[in-house]
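**Student:** Once you've had a glance at the structure underneath, I'll fire off some questions.
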Amino acid sequence: MVKEFLEDEIIENLPNNLIEFLGQELGKLQKIEAPEYLPKSIVYDKEHFYEVEEYTVNFQFHLWLYEVRY
């Protein structure tokens, strides 16, 4: 399961009602069982960044990934 990187802006101050709604929805997501085919551990080391580079070529995320890796 790979999430798509969405380029957008960061909203600094969310209204309280939106924060409460998001908290409730995230709480529901926490109850979903992970599929059995997912690995039990995930490696985030820089040495493994090459595994996702081909999917990031046309996004700013690719530039960040390159800067962090080298």
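Going through the structure tokens in order, the chains are called A, B, and so on, while each chain numbers its residues from 1 and the ligands are numbered from 1 in the order shown.
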Would you kindly return, as an NGL selection string, each protein, DNA or RNA residue with an atom no farther than 9 Å from any atom of range 53-63 of chain A, considering only C-alpha atoms and excluding same-chain residues fewer than 4 positions away?
**Tutor:** :A and (5 or 7 or 49 or 67-68)
**Student:** May I have the residues from that selection written out with C-alpha atoms, as a tab-separated table (two decimals), in the first residue's frame?
**Tutor:**
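The new file part29.tsv reads:
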chain	number	residue	atom	x	y	z
A	5	PHE	CA	2.21	12.37	-2.67
A	7	GLU	CA	1.50	18.70	-3.50
A	49	PHE	CA	15.39	5.44	-0.90
A	67	GLU	CA	18.88	16.13	-1.41
A	68	VAL	CA	18.34	13.94	1.64
